[in-house]
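Scroll down for the structure; my scribbles are underneath it.
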Amino acid sequence: MKYFKKSIMILMLSMIPFLSFSQIKSLDAMLTNYQYPFEVYFIDLNTQNQHLKMAYMDVKPKEPNGKVIMLLHGKNFNGAYWEQTAKDLSAKGFRVIIPDQIGFGKSSKPQCYQFSFSQLADNTKKILDELKIDKAIVLGHSMGGMLATRFTLLYPERVHKLVLENPIGLEDYKTFASYQTIDQAYQSEFKNTAETYKNYQLKFYYDNQWKKEYQPWLDLIAGWTLHKEYPLVAWDAALTSDMIYNQPVCYEFKNIKTPTLLIIGTRDRTAIGKDRAPKELQSRMGQYQELGKKTQQQIPGSRLTEIDNVGHLPHIEVYPRFFEALYEFIR
């Protein structure tokens, strides 16, 4: 009897990950069955000989302070994960614009599209044009940091201040990792599951410590893998991975003239293509405790706020410390 009870207990414990992942909801390519925290609007883009829809949220304050801030999401995310940031900024009087880039979130998933940071920046500018916003503070996280950098370099007159939160692209991944074709990247996307996504995030984002606050952002990308439209999402993921690898921004930091703040979680080890790099180089990639300081020295007059023992998502992992640094810079 004792052995039987022990066996049942072991079985139940072994099922916990499965039960957790089994609750993830299947999501279509446009996230039509997923509700964002704020009302979603769309602009029509006639770009690259096709008609696309680009989603965004526009969070207006009750008592405007006259400032606008635009929040740019990372590759494994969409605009929804800025919810708390947007609420608190709006309460401080900021108008908050939150785009979903083409290929991400609720925006179109084109299957024949030349992705570039310049193209994404042009798409993003069209939202500001549509809303008749002349100038904004631009905050970019992860891949959004690369886009925010390109946006600022292309349209400096439209950017009041630039904030980079654990941006990727602080190093040139081509100098470490071998090239992966788009077809190879596409096939690699089909290996993704809720479990592999979680293992990746645990390793690189959260120092092997999972909290319930992280689950919604895992559910979003994992939910796509359960839907018949996942190939549409996977193809755009492959195209944007190629964009990140082949379009470094780190050589142009010296050209940024806009007041800039870097918010860096120093435990972050995110690096694109690390698994394709030689063993002796892998340990040198994604060293954010070094990359933050190096980048701050490259961007003239920039400021650096390091958050010790924090990974890739300060605005999720240690939100109060993130918001304090952000608000002190932009108020």
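Here, A, B, ... name the chains of the structure tokens in the order displayed, residue numbers run from 1 inside each chain, and ligands are numbered from 1 in the same displayed order.
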Please provide the set of residues having any atom within 10 Å of segment 46-56 of chain A, restricted to only C-alpha atoms, with same-chain residues fewer than 4 positions apart removed, written as a ChimeraX atom specification.
/A:30,38-42,79-80,97-110,112-114,119,123-124,126-127
Based on the backbone DSSP call, show me all residues of segment 200-295 of chain A assigned alpha helix (DSSP H), as a PyMOL selection string.
chain A and resi 200-204+215-224+230-246+279-282+288-295
Option closest in space to Met143 of chain A, from A:Ile272, A:Leu262, A:Met57, A:Leu304 [counting only C-alpha atoms]
A:Ile272
Using only C-alpha atoms, find the one residue out of A:Phe190, A:Tyr36, A:Tyr251, A:Tyr205 that sits nearest to Asn309 of chain A.
A:Tyr205
So which bits of segment 18-235 of chain A end up strand (DSSP E or B) when you DSSP the backbone, as a ChimeraX atom specification?
/A:40-47,50-59,68-72,95-99,136-141,159-165
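Among A:Thr266, A:Asn255, A:Gln187, A:Asn246, the residue with the shortest atom-to-atom distance to Val310 of chain A, counting only C-alpha atoms, is A:Thr266.
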Have a look at A:Ala121, A:Asp28, A:Met285, A:Arg95 and name the one nearest to Trp224 of chain A; count only C-alpha atoms.
A:Asp28
Taking 3 positions as the minimum chain separation for residues in the same chain, which residues sit within 8 Å of segment 316-326 of chain A when counting only C-alpha atoms? Answer as an MDAnalysis selection string.
chainID A and resid 85 163 206 213:214 263 305 307 310:311 313 329:330
May I have the residues within 9 Å of Met243 of chain A as a list in words, using only C-alpha atoms and disregarding those fewer than 5 positions away in the same chain?
Gln114, Phe115, Ser116, Phe117, Ala238 and Pro248 of chain A
Create the file for the chosen residues now, containing all heavy atoms and written as a compact mmCIF listing (two decimals), in the first residue's frame.
# COMPACT_ATOMS: atom_id res chain seq x y z
N GLN A 114 10.16 41.51 -47.44
CA GLN A 114 11.55 41.75 -47.13
C GLN A 114 11.63 42.50 -45.80
O GLN A 114 11.50 43.72 -45.74
CB GLN A 114 12.23 42.57 -48.24
CG GLN A 114 13.72 42.75 -47.98
CD GLN A 114 14.41 43.51 -49.09
OE1 GLN A 114 13.80 43.84 -50.11
NE2 GLN A 114 15.69 43.79 -48.92
N PHE A 115 11.84 41.73 -44.74
CA PHE A 115 11.94 42.33 -43.42
C PHE A 115 13.27 43.05 -43.27
O PHE A 115 14.33 42.50 -43.55
CB PHE A 115 11.82 41.26 -42.33
CG PHE A 115 10.41 40.87 -42.01
CD1 PHE A 115 9.83 39.77 -42.63
CD2 PHE A 115 9.66 41.60 -41.10
CE1 PHE A 115 8.53 39.40 -42.33
CE2 PHE A 115 8.35 41.24 -40.79
CZ PHE A 115 7.78 40.13 -41.42
N SER A 116 13.19 44.28 -42.81
CA SER A 116 14.39 45.02 -42.45
C SER A 116 14.01 45.97 -41.32
O SER A 116 12.83 46.34 -41.17
CB SER A 116 14.95 45.82 -43.64
OG SER A 116 14.08 46.90 -43.98
N PHE A 117 14.99 46.37 -40.53
CA PHE A 117 14.69 47.32 -39.47
C PHE A 117 14.29 48.67 -40.05
O PHE A 117 13.48 49.39 -39.47
CB PHE A 117 15.90 47.47 -38.54
CG PHE A 117 16.07 46.29 -37.62
CD1 PHE A 117 17.18 45.47 -37.72
CD2 PHE A 117 15.12 46.00 -36.66
CE1 PHE A 117 17.34 44.38 -36.88
CE2 PHE A 117 15.26 44.91 -35.81
CZ PHE A 117 16.38 44.09 -35.92
N ALA A 238 11.22 33.09 -38.82
CA ALA A 238 12.47 32.76 -39.51
C ALA A 238 13.01 33.98 -40.25
O ALA A 238 14.22 34.27 -40.23
CB ALA A 238 12.25 31.60 -40.47
N PRO A 248 23.10 44.25 -38.18
CA PRO A 248 23.55 44.78 -36.89
C PRO A 248 23.42 46.29 -36.83
O PRO A 248 23.53 46.99 -37.84
CB PRO A 248 25.02 44.35 -36.83
CG PRO A 248 25.43 44.19 -38.26
CD PRO A 248 24.22 43.67 -38.97
Excluding Gly286 of chain A and its own-chain neighbours fewer than 4 positions away, which residues fall within 12 Å of it when counting only C-alpha atoms? Please give them as a compact mmCIF listing (two decimals) with all heavy atoms, in the first residue's frame.
# COMPACT_ATOMS: atom_id res chain seq x y z
N SER A 142 14.66 44.43 -26.18
CA SER A 142 15.14 43.26 -26.93
C SER A 142 15.25 43.62 -28.41
O SER A 142 15.93 44.58 -28.77
CB SER A 142 14.20 42.08 -26.68
OG SER A 142 14.76 40.88 -27.15
N ASN A 166 17.52 46.29 -22.19
CA ASN A 166 18.13 45.01 -22.57
C ASN A 166 17.95 44.74 -24.07
O ASN A 166 17.39 43.72 -24.47
CB ASN A 166 17.57 43.87 -21.74
CG ASN A 166 18.23 43.79 -20.38
OD1 ASN A 166 17.95 44.60 -19.50
ND2 ASN A 166 19.11 42.82 -20.19
N PRO A 167 18.44 45.65 -24.90
CA PRO A 167 18.31 45.43 -26.34
C PRO A 167 19.23 44.31 -26.78
O PRO A 167 20.32 44.11 -26.23
CB PRO A 167 18.77 46.77 -26.93
CG PRO A 167 19.75 47.29 -25.92
CD PRO A 167 19.20 46.88 -24.58
N ILE A 168 18.79 43.54 -27.76
CA ILE A 168 19.73 42.65 -28.43
C ILE A 168 20.45 43.49 -29.48
O ILE A 168 20.13 44.66 -29.70
CB ILE A 168 19.04 41.42 -29.05
CG1 ILE A 168 17.99 41.84 -30.10
CG2 ILE A 168 18.42 40.55 -27.97
CD1 ILE A 168 17.42 40.68 -30.89
N GLY A 169 21.46 42.92 -30.11
CA GLY A 169 22.19 43.66 -31.12
C GLY A 169 23.28 44.56 -30.57
O GLY A 169 23.79 45.42 -31.29
N LEU A 170 23.66 44.37 -29.31
CA LEU A 170 24.77 45.15 -28.75
C LEU A 170 26.11 44.59 -29.22
O LEU A 170 27.16 45.18 -28.94
CB LEU A 170 24.71 45.13 -27.22
CG LEU A 170 23.45 45.72 -26.59
CD1 LEU A 170 23.56 45.73 -25.07
CD2 LEU A 170 23.19 47.13 -27.11
N GLU A 171 26.06 43.47 -29.93
CA GLU A 171 27.23 42.87 -30.55
C GLU A 171 26.82 42.34 -31.91
O GLU A 171 25.62 42.17 -32.18
CB GLU A 171 27.77 41.74 -29.66
CG GLU A 171 26.73 40.69 -29.31
CD GLU A 171 27.13 39.81 -28.15
OE1 GLU A 171 28.34 39.67 -27.89
OE2 GLU A 171 26.23 39.24 -27.51
N ASP A 172 27.77 42.10 -32.78
CA ASP A 172 27.48 41.61 -34.12
C ASP A 172 27.53 40.09 -34.08
O ASP A 172 28.59 39.48 -34.02
CB ASP A 172 28.52 42.16 -35.10
CG ASP A 172 28.22 41.79 -36.55
OD1 ASP A 172 27.33 40.94 -36.79
OD2 ASP A 172 28.89 42.33 -37.45
N TYR A 173 26.35 39.47 -34.15
CA TYR A 173 26.27 38.02 -34.00
C TYR A 173 26.96 37.27 -35.14
O TYR A 173 27.37 36.12 -34.97
CB TYR A 173 24.80 37.60 -33.90
CG TYR A 173 24.07 38.27 -32.76
CD1 TYR A 173 22.96 39.08 -33.00
CD2 TYR A 173 24.51 38.13 -31.44
CE1 TYR A 173 22.30 39.72 -31.94
CE2 TYR A 173 23.85 38.76 -30.40
CZ TYR A 173 22.75 39.55 -30.65
OH TYR A 173 22.11 40.17 -29.62
N PHE A 176 30.38 35.85 -34.38
CA PHE A 176 30.46 34.71 -33.46
C PHE A 176 29.87 33.44 -34.08
O PHE A 176 30.49 32.37 -34.04
CB PHE A 176 29.69 35.01 -32.17
CG PHE A 176 30.27 36.11 -31.35
CD1 PHE A 176 29.80 37.41 -31.45
CD2 PHE A 176 31.28 35.85 -30.43
CE1 PHE A 176 30.31 38.43 -30.67
CE2 PHE A 176 31.81 36.87 -29.65
CZ PHE A 176 31.33 38.16 -29.77
N PHE A 204 17.97 31.85 -20.14
CA PHE A 204 18.54 33.14 -20.55
C PHE A 204 17.86 34.35 -19.90
O PHE A 204 18.48 35.40 -19.76
CB PHE A 204 18.46 33.28 -22.07
CG PHE A 204 19.35 32.31 -22.80
CD1 PHE A 204 18.82 31.19 -23.42
CD2 PHE A 204 20.72 32.49 -22.84
CE1 PHE A 204 19.64 30.29 -24.09
CE2 PHE A 204 21.55 31.60 -23.51
CZ PHE A 204 21.01 30.49 -24.13
N TYR A 205 16.58 34.21 -19.54
CA TYR A 205 15.84 35.36 -19.01
C TYR A 205 15.79 35.39 -17.49
O TYR A 205 15.98 36.44 -16.88
CB TYR A 205 14.39 35.35 -19.53
CG TYR A 205 14.20 35.52 -21.01
CD1 TYR A 205 12.93 35.48 -21.56
CD2 TYR A 205 15.27 35.74 -21.88
CE1 TYR A 205 12.71 35.64 -22.92
CE2 TYR A 205 15.07 35.90 -23.24
CZ TYR A 205 13.79 35.84 -23.76
OH TYR A 205 13.57 36.00 -25.10
N ILE A 264 19.78 48.07 -18.19
CA ILE A 264 20.38 46.77 -18.45
C ILE A 264 20.28 45.86 -17.23
O ILE A 264 20.83 46.16 -16.17
CB ILE A 264 21.86 46.91 -18.85
CG1 ILE A 264 22.01 47.78 -20.10
CG2 ILE A 264 22.49 45.53 -19.06
CD1 ILE A 264 21.42 47.19 -21.36
N GLY A 265 19.56 44.76 -17.40
CA GLY A 265 19.61 43.68 -16.42
C GLY A 265 20.89 42.90 -16.66
O GLY A 265 21.08 42.30 -17.72
N THR A 266 21.80 42.92 -15.70
CA THR A 266 23.17 42.43 -15.94
C THR A 266 23.28 40.91 -15.96
O THR A 266 24.32 40.38 -16.35
CB THR A 266 24.14 42.97 -14.89
OG1 THR A 266 23.72 42.56 -13.58
CG2 THR A 266 24.19 44.49 -14.94
N ARG A 267 22.23 40.18 -15.55
CA ARG A 267 22.28 38.73 -15.58
C ARG A 267 21.89 38.17 -16.95
O ARG A 267 22.01 36.97 -17.21
CB ARG A 267 21.34 38.15 -14.51
CG ARG A 267 21.62 36.71 -14.12
CD ARG A 267 20.56 36.17 -13.17
NE ARG A 267 19.26 36.13 -13.79
CZ ARG A 267 18.15 36.65 -13.28
NH1 ARG A 267 18.19 37.28 -12.12
NH2 ARG A 267 17.00 36.57 -13.92
N ASP A 268 21.42 39.03 -17.82
CA ASP A 268 20.98 38.63 -19.16
C ASP A 268 22.13 37.99 -19.93
O ASP A 268 23.26 38.49 -19.91
CB ASP A 268 20.47 39.86 -19.91
CG ASP A 268 19.72 39.52 -21.19
OD1 ASP A 268 19.61 38.33 -21.53
OD2 ASP A 268 19.24 40.47 -21.84
N ARG A 269 21.84 36.89 -20.62
CA ARG A 269 22.84 36.22 -21.46
C ARG A 269 22.30 35.95 -22.86
O ARG A 269 22.79 35.06 -23.56
CB ARG A 269 23.31 34.91 -20.80
CG ARG A 269 24.06 35.11 -19.48
CD ARG A 269 25.36 35.84 -19.67
NE ARG A 269 26.07 36.05 -18.42
CZ ARG A 269 25.95 37.14 -17.67
NH1 ARG A 269 25.13 38.12 -18.03
NH2 ARG A 269 26.63 37.27 -16.54
N THR A 270 21.28 36.71 -23.27
CA THR A 270 20.66 36.50 -24.57
C THR A 270 21.65 36.81 -25.69
O THR A 270 22.27 37.87 -25.71
CB THR A 270 19.41 37.38 -24.72
OG1 THR A 270 18.52 37.11 -23.63
CG2 THR A 270 18.72 37.12 -26.04
N ALA A 271 21.76 35.89 -26.64
CA ALA A 271 22.63 36.10 -27.80
C ALA A 271 22.10 35.25 -28.95
O ALA A 271 21.91 34.04 -28.79
CB ALA A 271 24.07 35.72 -27.48
N ILE A 272 21.87 35.88 -30.08
CA ILE A 272 21.31 35.19 -31.23
C ILE A 272 22.37 34.27 -31.84
O ILE A 272 23.50 34.68 -32.11
CB ILE A 272 20.82 36.20 -32.28
CG1 ILE A 272 19.83 37.18 -31.64
CG2 ILE A 272 20.21 35.49 -33.48
CD1 ILE A 272 18.65 36.53 -30.98
N GLY A 273 21.99 33.01 -32.06
CA GLY A 273 22.88 32.06 -32.72
C GLY A 273 23.95 31.47 -31.82
O GLY A 273 24.90 30.87 -32.31
N LYS A 274 23.79 31.61 -30.51
CA LYS A 274 24.82 31.10 -29.60
C LYS A 274 25.08 29.61 -29.81
O LYS A 274 26.22 29.15 -29.73
CB LYS A 274 24.44 31.37 -28.15
CG LYS A 274 25.50 30.96 -27.15
CD LYS A 274 25.09 31.27 -25.71
CE LYS A 274 25.18 32.74 -25.40
NZ LYS A 274 25.01 33.03 -23.95
N LEU A 281 33.72 30.38 -28.16
CA LEU A 281 33.16 31.74 -28.29
C LEU A 281 31.83 31.91 -27.57
O LEU A 281 31.44 33.03 -27.24
CB LEU A 281 32.97 32.08 -29.77
CG LEU A 281 34.23 32.20 -30.62
CD1 LEU A 281 33.86 32.60 -32.05
CD2 LEU A 281 35.21 33.20 -30.04
N GLN A 282 31.13 30.82 -27.30
CA GLN A 282 29.79 30.91 -26.73
C GLN A 282 29.77 31.65 -25.39
O GLN A 282 28.86 32.44 -25.12
CB GLN A 282 29.19 29.51 -26.56
CG GLN A 282 28.84 28.84 -27.88
CD GLN A 282 28.21 27.47 -27.68
OE1 GLN A 282 27.92 27.04 -26.57
NE2 GLN A 282 28.01 26.75 -28.78
N GLU A 290 28.90 43.46 -19.37
CA GLU A 290 29.96 44.14 -20.11
C GLU A 290 29.40 44.96 -21.28
O GLU A 290 29.86 46.07 -21.55
CB GLU A 290 30.97 43.12 -20.63
CG GLU A 290 31.65 42.30 -19.53
CD GLU A 290 32.49 41.17 -20.09
OE1 GLU A 290 32.59 41.06 -21.33
OE2 GLU A 290 33.03 40.37 -19.30
N LEU A 291 28.41 44.39 -21.96
CA LEU A 291 27.86 45.04 -23.16
C LEU A 291 27.18 46.36 -22.84
O LEU A 291 27.23 47.31 -23.63
CB LEU A 291 26.88 44.10 -23.85
CG LEU A 291 27.50 42.87 -24.53
CD1 LEU A 291 26.42 41.88 -24.95
CD2 LEU A 291 28.32 43.30 -25.75
N GLY A 292 26.51 46.44 -21.68
CA GLY A 292 25.86 47.69 -21.30
C GLY A 292 26.85 48.83 -21.18
O GLY A 292 26.64 49.92 -21.70
N GLY A 311 17.53 39.55 -15.37
CA GLY A 311 17.76 39.02 -16.70
C GLY A 311 17.25 39.91 -17.81
O GLY A 311 17.34 41.14 -17.75
N HIS A 312 16.65 39.28 -18.83
CA HIS A 312 16.34 39.94 -20.09
C HIS A 312 15.12 40.86 -20.02
O HIS A 312 14.95 41.71 -20.89
CB HIS A 312 16.11 38.87 -21.17
CG HIS A 312 16.05 39.39 -22.56
ND1 HIS A 312 17.08 40.11 -23.14
CD2 HIS A 312 15.07 39.29 -23.51
CE1 HIS A 312 16.74 40.43 -24.38
NE2 HIS A 312 15.54 39.95 -24.63
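Put simply, atom CA of Pro61 of chain A is 9.8 Å away from atom CA of Ala86 of chain A.
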What separates atom CA of Val159 of chain A and atom CA of Tyr327 of chain A is a distance of 16.6 Å
Could you name the residues that touch Pro216 of chain A at 10 Å or less, counting only C-alpha atoms, but leaving out those on the same chain fewer than 3 positions away, as a CSV table (one decimal) with C-alpha atoms, in the first residue's frame?
chain,number,residue,atom,x,y,z
A,24,ILE,CA,-2.2,26.8,-22.9
A,80,ALA,CA,0.5,43.2,-24.6
A,81,TYR,CA,3.4,42.8,-22.3
A,212,LYS,CA,3.6,33.0,-12.2
A,213,GLU,CA,4.0,36.6,-13.6
A,219,ASP,CA,1.4,31.2,-23.2
A,220,LEU,CA,1.2,33.7,-26.0
A,221,ILE,CA,4.0,32.3,-28.1
A,222,ALA,CA,3.4,28.7,-27.1
